[in-house]
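Notes follow once the structure below has been shown.
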Amino acid sequence: MSAQWCKNVLEDAIATHGKPEIVNSDQGSQYSSGLWTQYLEEQGIRISMDGKGRALDNTWIERFWRSLKYDYVYLNPADDGFELYGGVQNHIEYYHHKVHHTTEQTPHRRYEESMKKAA
């Protein structure tokens, strides 16, 4: 992923969904490049970057992306973006409603409980 490609994707997302107040990313070179940061600043979008080794702050989303990649994307190569989009949507629906064999809860329910404890 180049900085230019990431910027193009962001521009497309803004054109489709509107401008966000803030963009959060990791510290990859494409996100710390002048091209990326200047564009965000010109658009009035605040920049948020995860600190090095901060993946544990996002345990739930990191686990979700890992599951999505290993349980669906890598096992079901798509012929085009439409097929990938539909398959990912279906897998997300499945993921949120499956009951985990160890906790005997859905990921959604487990997340809700952890947020109540954290509050």
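How things are named: the first chain in the structure tokens is A, the next is B, and so on; residues count from 1 in each chain; ligands count from 1 in the order shown.
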**OP:** Run DSSP on the backbone and give me the residues of stretch 13-107 of chain A it puts in strand (DSSP E or B), as a PyMOL selection string.
**Re:** chain A and resi 22-25+46-49
Output N, CA and C atoms of each residue in that selection to a file, as a PDB file, in the first residue's frame.
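Contents of the output file result_28.pdb:
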```pdb
ATOM      1  N   ILE A  22     -12.142  12.697  12.312  1.00  0.00           N
ATOM      2  CA  ILE A  22     -10.835  12.179  12.698  1.00  0.00           C
ATOM      3  C   ILE A  22     -10.555  10.882  11.935  1.00  0.00           C
ATOM      4  N   VAL A  23      -9.285  10.632  11.608  1.00  0.00           N
ATOM      5  CA  VAL A  23      -8.859   9.383  10.987  1.00  0.00           C
ATOM      6  C   VAL A  23      -7.806   8.759  11.885  1.00  0.00           C
ATOM      7  N   ASN A  24      -8.032   7.504  12.259  1.00  0.00           N
ATOM      8  CA  ASN A  24      -7.085   6.781  13.085  1.00  0.00           C
ATOM      9  C   ASN A  24      -6.355   5.762  12.228  1.00  0.00           C
ATOM     10  N   SER A  25      -5.051   5.663  12.403  1.00  0.00           N
ATOM     11  CA  SER A  25      -4.256   4.702  11.644  1.00  0.00           C
ATOM     12  C   SER A  25      -3.103   4.210  12.503  1.00  0.00           C
ATOM     13  N   ARG A  46      -8.760  15.654  11.763  1.00  0.00           N
ATOM     14  CA  ARG A  46      -7.763  15.406  12.802  1.00  0.00           C
ATOM     15  C   ARG A  46      -7.104  14.054  12.583  1.00  0.00           C
ATOM     16  N   ILE A  47      -5.837  13.967  12.967  1.00  0.00           N
ATOM     17  CA  ILE A  47      -5.044  12.756  12.775  1.00  0.00           C
ATOM     18  C   ILE A  47      -4.833  12.072  14.111  1.00  0.00           C
ATOM     19  N   SER A  48      -5.099  10.771  14.136  1.00  0.00           N
ATOM     20  CA  SER A  48      -4.854   9.956  15.324  1.00  0.00           C
ATOM     21  C   SER A  48      -4.044   8.746  14.887  1.00  0.00           C
ATOM     22  N   MET A  49      -2.900   8.540  15.533  1.00  0.00           N
ATOM     23  CA  MET A  49      -2.070   7.374  15.209  1.00  0.00           C
ATOM     24  C   MET A  49      -1.867   6.535  16.453  1.00  0.00           C
TER      25      MET A  49
END
```
**OP:** Tell me, in Å to one decimal, how far atom CA of A:Leu68 is from atom CA of A:Tyr111.
**Re:**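 If I compute the distance from atom CA of A:Leu68 to atom CA of A:Tyr111, I get 16.6 Å.
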Subject >> Top pick for closest residue to A:Gly18, considering A:Ala78, A:Ala119, A:Ile92, A:Ile45 and counting only C-alpha atoms >> reply: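 When distances to A:Gly18 are compared using only C-alpha atoms, the smallest one comes from A:Ile45.
Atom CA of A:Trp60 to atom CA of A:Tyr72 spans 17.5 Å [interatomic distance, one decimal].
Between atom CA of A:Asp79 and atom CA of A:Ser2 there is a distance of 22.8 Å.
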Output as a CSV table (one decimal) with N, CA and C atoms, in the first residue's frame all residues of chain A that backbone DSSP marks as helix (DSSP H, G or I).
```csv
chain,number,residue,atom,x,y,z
A,3,ALA,N,1.4,5.5,-0.1
A,3,ALA,CA,0.7,6.6,0.4
A,3,ALA,C,-0.3,7.2,-0.6
A,4,GLN,N,0.1,7.2,-1.9
A,4,GLN,CA,-0.9,7.7,-2.9
A,4,GLN,C,-2.1,6.8,-3.0
A,5,TRP,N,-1.9,5.5,-2.9
A,5,TRP,CA,-3.1,4.6,-3.0
A,5,TRP,C,-4.0,4.8,-1.8
A,6,CYS,N,-3.4,5.0,-0.6
A,6,CYS,CA,-4.2,5.2,0.6
A,6,CYS,C,-5.0,6.5,0.5
A,7,LYS,N,-4.3,7.5,0.0
A,7,LYS,CA,-5.0,8.8,-0.2
A,7,LYS,C,-6.1,8.7,-1.2
A,8,ASN,N,-5.9,8.0,-2.3
A,8,ASN,CA,-7.0,7.8,-3.2
A,8,ASN,C,-8.2,7.1,-2.6
A,9,VAL,N,-7.9,6.1,-1.8
A,9,VAL,CA,-9.0,5.4,-1.2
A,9,VAL,C,-9.8,6.3,-0.2
A,10,LEU,N,-9.0,7.1,0.5
A,10,LEU,CA,-9.6,8.0,1.5
A,10,LEU,C,-10.5,9.1,0.7
A,11,GLU,N,-10.0,9.6,-0.4
A,11,GLU,CA,-10.7,10.5,-1.2
A,11,GLU,C,-12.0,9.9,-1.7
A,12,ASP,N,-12.0,8.7,-2.2
A,12,ASP,CA,-13.2,8.0,-2.6
A,12,ASP,C,-14.2,7.8,-1.5
A,13,ALA,N,-13.7,7.4,-0.3
A,13,ALA,CA,-14.5,7.2,0.9
A,13,ALA,C,-15.2,8.5,1.2
A,14,ILE,N,-14.5,9.6,1.2
A,14,ILE,CA,-15.0,10.9,1.6
A,14,ILE,C,-16.1,11.3,0.5
A,15,ALA,N,-15.8,11.1,-0.7
A,15,ALA,CA,-16.8,11.4,-1.8
A,15,ALA,C,-18.1,10.6,-1.6
A,16,THR,N,-17.9,9.4,-1.2
A,16,THR,CA,-19.1,8.5,-1.0
A,16,THR,C,-19.8,8.7,0.3
A,17,HIS,N,-19.1,8.9,1.4
A,17,HIS,CA,-19.7,8.9,2.7
A,17,HIS,C,-19.6,10.2,3.5
A,29,SER,N,4.5,3.8,7.1
A,29,SER,CA,5.1,4.9,6.4
A,29,SER,C,4.1,5.6,5.5
A,30,GLN,N,3.1,4.9,5.0
A,30,GLN,CA,2.1,5.6,4.1
A,30,GLN,C,1.2,6.6,4.9
A,31,TYR,N,1.0,6.3,6.2
A,31,TYR,CA,0.2,7.2,7.1
A,31,TYR,C,1.0,8.3,7.8
A,32,SER,N,2.3,8.1,7.8
A,32,SER,CA,3.1,9.2,8.3
A,32,SER,C,3.8,10.0,7.2
A,34,GLY,N,4.2,12.8,4.2
A,34,GLY,CA,3.7,14.2,4.0
A,34,GLY,C,2.4,14.2,3.2
A,35,LEU,N,2.4,13.4,2.1
A,35,LEU,CA,1.2,13.3,1.3
A,35,LEU,C,-0.1,13.0,2.0
A,36,TRP,N,0.0,12.0,2.9
A,36,TRP,CA,-1.2,11.7,3.7
A,36,TRP,C,-1.5,12.7,4.8
A,37,THR,N,-0.5,13.1,5.6
A,37,THR,CA,-0.8,14.1,6.6
A,37,THR,C,-1.2,15.4,6.1
A,38,GLN,N,-0.6,15.9,5.1
A,38,GLN,CA,-0.9,17.2,4.5
A,38,GLN,C,-2.4,17.2,4.0
A,39,TYR,N,-2.7,16.1,3.3
A,39,TYR,CA,-4.1,16.0,2.8
A,39,TYR,C,-5.1,16.1,3.9
A,40,LEU,N,-4.9,15.3,5.0
A,40,LEU,CA,-5.8,15.3,6.2
A,40,LEU,C,-5.9,16.7,6.8
A,41,GLU,N,-4.7,17.4,6.9
A,41,GLU,CA,-4.7,18.7,7.5
A,41,GLU,C,-5.5,19.7,6.6
A,42,GLU,N,-5.2,19.6,5.3
A,42,GLU,CA,-5.9,20.5,4.3
A,42,GLU,C,-7.5,20.3,4.4
A,43,GLN,N,-7.9,19.1,4.7
A,43,GLN,CA,-9.3,18.8,4.8
A,43,GLN,C,-9.9,19.1,6.1
A,54,ARG,N,0.7,-0.8,20.3
A,54,ARG,CA,-0.6,-0.5,20.9
A,54,ARG,C,-1.7,-1.4,20.4
A,55,ALA,N,-1.4,-2.5,19.7
A,55,ALA,CA,-2.4,-3.4,19.2
A,55,ALA,C,-3.3,-3.9,20.3
A,56,LEU,N,-2.8,-4.0,21.5
A,56,LEU,CA,-3.6,-4.5,22.6
A,56,LEU,C,-4.7,-3.5,23.0
A,57,ASP,N,-4.5,-2.3,22.7
A,57,ASP,CA,-5.6,-1.3,22.9
A,57,ASP,C,-6.8,-1.6,22.1
A,58,ASN,N,-6.6,-2.3,21.0
A,58,ASN,CA,-7.7,-2.6,20.0
A,58,ASN,C,-7.9,-4.1,19.9
A,59,THR,N,-7.8,-4.8,21.0
A,59,THR,CA,-7.9,-6.3,21.0
A,59,THR,C,-9.1,-6.8,20.3
A,60,TRP,N,-10.3,-6.2,20.5
A,60,TRP,CA,-11.5,-6.7,19.9
A,60,TRP,C,-11.4,-6.6,18.4
A,61,ILE,N,-11.0,-5.4,17.9
A,61,ILE,CA,-11.0,-5.2,16.4
A,61,ILE,C,-9.9,-6.0,15.8
A,62,GLU,N,-8.8,-6.1,16.5
A,62,GLU,CA,-7.6,-6.8,15.9
A,62,GLU,C,-8.0,-8.3,15.8
A,63,ARG,N,-8.7,-8.9,16.8
A,63,ARG,CA,-9.2,-10.2,16.7
A,63,ARG,C,-10.2,-10.4,15.6
A,64,PHE,N,-11.1,-9.5,15.5
A,64,PHE,CA,-12.1,-9.5,14.4
A,64,PHE,C,-11.4,-9.6,13.0
A,65,TRP,N,-10.5,-8.7,12.8
A,65,TRP,CA,-9.8,-8.6,11.5
A,65,TRP,C,-9.0,-9.9,11.2
A,66,ARG,N,-8.4,-10.5,12.3
A,66,ARG,CA,-7.7,-11.7,12.1
A,66,ARG,C,-8.7,-12.8,11.7
A,67,SER,N,-9.8,-12.9,12.4
A,67,SER,CA,-10.8,-13.9,12.1
A,67,SER,C,-11.3,-13.8,10.7
A,68,LEU,N,-11.6,-12.5,10.3
A,68,LEU,CA,-12.1,-12.3,9.0
A,68,LEU,C,-11.2,-12.8,7.9
A,69,LYS,N,-9.9,-12.4,8.1
A,69,LYS,CA,-8.9,-12.8,7.1
A,69,LYS,C,-8.7,-14.3,7.0
A,70,TYR,N,-8.5,-14.9,8.2
A,70,TYR,CA,-8.1,-16.3,8.2
A,70,TYR,C,-9.3,-17.2,8.0
A,71,ASP,N,-10.5,-16.8,8.4
A,71,ASP,CA,-11.7,-17.7,8.3
A,71,ASP,C,-12.5,-17.5,7.1
A,72,TYR,N,-12.3,-16.3,6.4
A,72,TYR,CA,-13.0,-16.1,5.2
A,72,TYR,C,-12.2,-15.7,4.0
A,73,VAL,N,-11.5,-14.5,4.1
A,73,VAL,CA,-10.9,-13.9,2.9
A,73,VAL,C,-9.8,-14.9,2.3
A,81,GLY,N,-14.3,-7.1,-6.6
A,81,GLY,CA,-14.7,-6.4,-5.4
A,81,GLY,C,-16.1,-6.6,-5.0
A,82,PHE,N,-17.0,-6.8,-5.9
A,82,PHE,CA,-18.4,-7.0,-5.5
A,82,PHE,C,-18.6,-8.4,-4.8
A,83,GLU,N,-17.9,-9.4,-5.4
A,83,GLU,CA,-18.0,-10.7,-4.7
A,83,GLU,C,-17.4,-10.7,-3.3
A,84,LEU,N,-16.2,-10.0,-3.2
A,84,LEU,CA,-15.6,-9.8,-1.9
A,84,LEU,C,-16.5,-9.1,-0.9
A,85,TYR,N,-17.1,-8.0,-1.4
A,85,TYR,CA,-17.9,-7.2,-0.5
A,85,TYR,C,-19.1,-8.1,0.0
A,86,GLY,N,-19.8,-8.8,-0.9
A,86,GLY,CA,-20.9,-9.6,-0.5
A,86,GLY,C,-20.5,-10.7,0.5
A,87,GLY,N,-19.4,-11.4,0.2
A,87,GLY,CA,-18.9,-12.4,1.0
A,87,GLY,C,-18.5,-11.9,2.4
A,88,VAL,N,-17.8,-10.8,2.5
A,88,VAL,CA,-17.4,-10.2,3.7
A,88,VAL,C,-18.6,-9.8,4.6
A,89,GLN,N,-19.6,-9.2,3.9
A,89,GLN,CA,-20.9,-8.9,4.6
A,89,GLN,C,-21.5,-10.1,5.2
A,90,ASN,N,-21.6,-11.2,4.5
A,90,ASN,CA,-22.2,-12.4,5.0
A,90,ASN,C,-21.4,-13.0,6.1
A,91,HIS,N,-20.1,-12.9,6.0
A,91,HIS,CA,-19.3,-13.5,7.0
A,91,HIS,C,-19.4,-12.7,8.3
A,92,ILE,N,-19.5,-11.4,8.2
A,92,ILE,CA,-19.6,-10.5,9.4
A,92,ILE,C,-20.9,-10.9,10.1
A,93,GLU,N,-22.0,-11.0,9.4
A,93,GLU,CA,-23.2,-11.4,10.0
A,93,GLU,C,-23.1,-12.7,10.7
A,94,TYR,N,-22.5,-13.7,10.1
A,94,TYR,CA,-22.2,-15.0,10.7
A,94,TYR,C,-21.4,-14.8,12.0
A,95,TYR,N,-20.3,-14.1,11.9
A,95,TYR,CA,-19.3,-13.9,12.9
A,95,TYR,C,-20.0,-13.3,14.2
A,96,HIS,N,-20.9,-12.3,14.0
A,96,HIS,CA,-21.5,-11.7,15.2
A,96,HIS,C,-22.5,-12.6,15.8
A,97,HIS,N,-23.0,-13.6,15.2
A,97,HIS,CA,-24.1,-14.4,15.8
A,97,HIS,C,-23.6,-15.9,16.1
A,107,PRO,N,-19.6,-13.2,20.0
A,107,PRO,CA,-18.6,-12.1,20.1
A,107,PRO,C,-19.3,-10.8,20.5
A,108,HIS,N,-20.4,-10.5,19.9
A,108,HIS,CA,-21.1,-9.3,20.3
A,108,HIS,C,-21.5,-9.2,21.7
A,109,ARG,N,-22.0,-10.2,22.3
A,109,ARG,CA,-22.4,-10.3,23.7
A,109,ARG,C,-21.2,-10.2,24.6
A,110,ARG,N,-20.1,-10.9,24.2
A,110,ARG,CA,-18.9,-10.8,25.0
A,110,ARG,C,-18.3,-9.4,25.0
A,111,TYR,N,-18.3,-8.7,23.9
A,111,TYR,CA,-17.8,-7.4,23.8
A,111,TYR,C,-18.7,-6.4,24.7
A,112,GLU,N,-20.0,-6.6,24.6
A,112,GLU,CA,-20.9,-5.7,25.5
A,112,GLU,C,-20.5,-5.9,26.9
A,113,GLU,N,-20.3,-7.1,27.4
A,113,GLU,CA,-20.0,-7.4,28.8
A,113,GLU,C,-18.7,-6.8,29.2
A,114,SER,N,-17.7,-6.8,28.3
A,114,SER,CA,-16.4,-6.3,28.6
A,114,SER,C,-16.5,-4.7,28.7
A,115,MET,N,-17.3,-4.1,27.9
A,115,MET,CA,-17.4,-2.7,27.9
A,115,MET,C,-18.2,-2.2,29.2
A,116,LYS,N,-19.1,-3.0,29.7
A,116,LYS,CA,-19.8,-2.7,31.0
A,116,LYS,C,-18.8,-2.8,32.1
A,117,LYS,N,-17.9,-3.8,32.1
A,117,LYS,CA,-16.9,-3.9,33.1
A,117,LYS,C,-15.9,-2.8,33.1
A,118,ALA,N,-15.6,-2.3,31.9
A,118,ALA,CA,-14.6,-1.3,31.8
A,118,ALA,C,-15.1,0.1,32.2
```
